[in-house]
Amino acid sequence: MFNNKSNDPEFFSSTVTTETEKSCHSLQTDDLIYKNKNIQSTIQHSVETQTEAGQAPKDVAVDYDKLAAFLNKVTPKVLEALDEIYDNHTINSYEPIGSRDNDYQLKLLNKFSTIDEFDKQKKISSLSWNKNGGALAVAYSNNHTAWCDHQSRIKFYNLNRNDDKLSEAELKNYETNSCVTCLAYHPIEPSIIAAGLFNGDVLLWNIADNLSQPLQIIVHNEVVTSLMWRRTTITTDSSLLITTSSDGYIYINKLIDNFTDSKLINRFKIIKEHNPVENSRPPSASGRYERTIEPGLSITCLDISYKNNDIFIVGTLCGGLYKCSFNATTPVQGDESLIDPVVDEYERCDGSIVDLKCLSVHDILITCNSNKEIRIFNVTEMTMIRIINMEHTVTGLNFINNIIVTYGADEMIKFFNVNSGQICSDLKIKCQNHLISSLDISLKRNTIAIGDVLGNLEVWKVPPQTTIN
């Protein structure tokens, strides 16, 4: 049944393969078809004018009388506007934000000596920019305390349009028969300038004329201590010139006949500043007046409130600080022509009031005194806001926006924040080894003119962003 038998092996090929089937499917959708349409409308129209061709212009009747009347009406305003922007370089200081220097500081434009052989031993006693800031008047004075018999002068320099630098060559100069103590350009007429002298004279020039002979406005009995034009408003007259003197008088003069003549319209004197030893002092600086026991001690400075143009502030040698009114009517010692202008008194100072300024941006009054203090008051509320103690005596004040600018018995110009009373550390001017004797600021051009006791003149450019909130 079972047999032993060997059979040969059977072989067959393997059906396993390493090749794989591949297929590619790029899209499950049909091919896309793109179409481009430039416009939604198939109709185009081109119209060059809104009028029909071929129509002749109609003749227009011109009433030349009405045209002349219109031109006569608008011409003064147009000329006034042109005068206002004449020599205005406001746009010149503009820089795109991307090109501005983050460290833009005060910049010295130029510095030179204004002294010649005639002016030796004189200091620059007063500076004044004209209304457009395009011209600067420079006055001189000797150092003296009593009689003055010096001749002096006023020099005029123009600003170069290209670089805002003063031309070092004077345009013209006027000689005076006494040292000049104060200057003031007219706030509207750029060619009118007034000067107060040490001998009590007040003079006026129209520098547009070639005549150097001045108009003598008034004569004080002593040195003229301050001089300013009344600020013009709708209700006030800018032809009023206000002068003060160490004789205690405040004179209000009206310039008439196109600044060729003047008329004294008010005399003020402060009754409270009565000093019984007045007659023991030496004669007046002019030598024309013997002192008597009378009210009205030496007035050192004056300024007008910006908030209320009828109010002015007066500082005196004995530390009195008075709020006064141009509309006051109280006579002094029965003299109907002499009026006491005082309506109120601020806190007195133990020393003398050296200078004072009313700020234009706030109802603020700043004063400096011989006690090395700067005091800040609210003009209307009559309150003292703060006291800034100084290392040296401050002899002069000014302001840029709401920054107080001071100079005095050292070579530094210092800037203070009126709101905090803190010094502005990023603003500083140092005059090399020379004491500063005068300073004036052109708000129109943001430039500061500085004069020293050796007759050197410096002009600085103030950063346009110089303001503190």
# chains A, B, ... in the order shown; residues from 1 in each chain; ligands from 1
>>> residues_around(residues="stretch 157-173 of chain A", least_positions_apart="3", cutoff="7 Å", atoms="only C-alpha atoms", output="list in words")
Leu109, Asn110, Gly134, Ala135, Leu136, Ala137, Arg153 and Ile154 of chain A
>>> select_by_dssp(residues="stretch 279-426 of chain A", states="strand (DSSP E)", output="PyMOL selection string")
chain A and resi 299-304+311-316+321-325+330-332+335-340+342-345+353-358+364-369+373-378+383-389+394-400+403-408+412-417+423-426
>>> atom_distance(atom1="atom CA of A:Ile423", atom2="atom CA of A:Phe312")
27.6 Å
>>> atom_distance(atom1="atom CA of A:Ile441", atom2="atom CA of A:Leu82")
22.5 Å
>>> residues_around(residues="A:Thr114", least_positions_apart="2", cutoff="7 Å", atoms="only C-alpha atoms", output="number ranges by chain")
A: 112, 116, 455-457
>>> write_last_selection(atoms="N, CA and C atoms", output="tab-separated table (two decimals), in the first residue's frame")
chain	number	residue	atom	x	y	z
A	112	PHE	N	29.63	140.89	18.21
A	112	PHE	CA	30.63	141.86	17.78
A	112	PHE	C	30.61	143.06	18.73
A	116	ASP	N	33.20	152.40	19.41
A	116	ASP	CA	34.27	153.06	18.65
A	116	ASP	C	34.89	154.12	19.54
A	455	GLY	N	30.24	147.09	25.82
A	455	GLY	CA	29.73	147.48	24.51
A	455	GLY	C	29.64	146.36	23.51
A	456	ASN	N	29.80	145.11	23.95
A	456	ASN	CA	29.65	143.98	23.04
A	456	ASN	C	28.18	143.63	22.86
A	457	LEU	N	27.83	143.20	21.67
A	457	LEU	CA	26.45	142.85	21.34
A	457	LEU	C	26.39	141.41	20.86
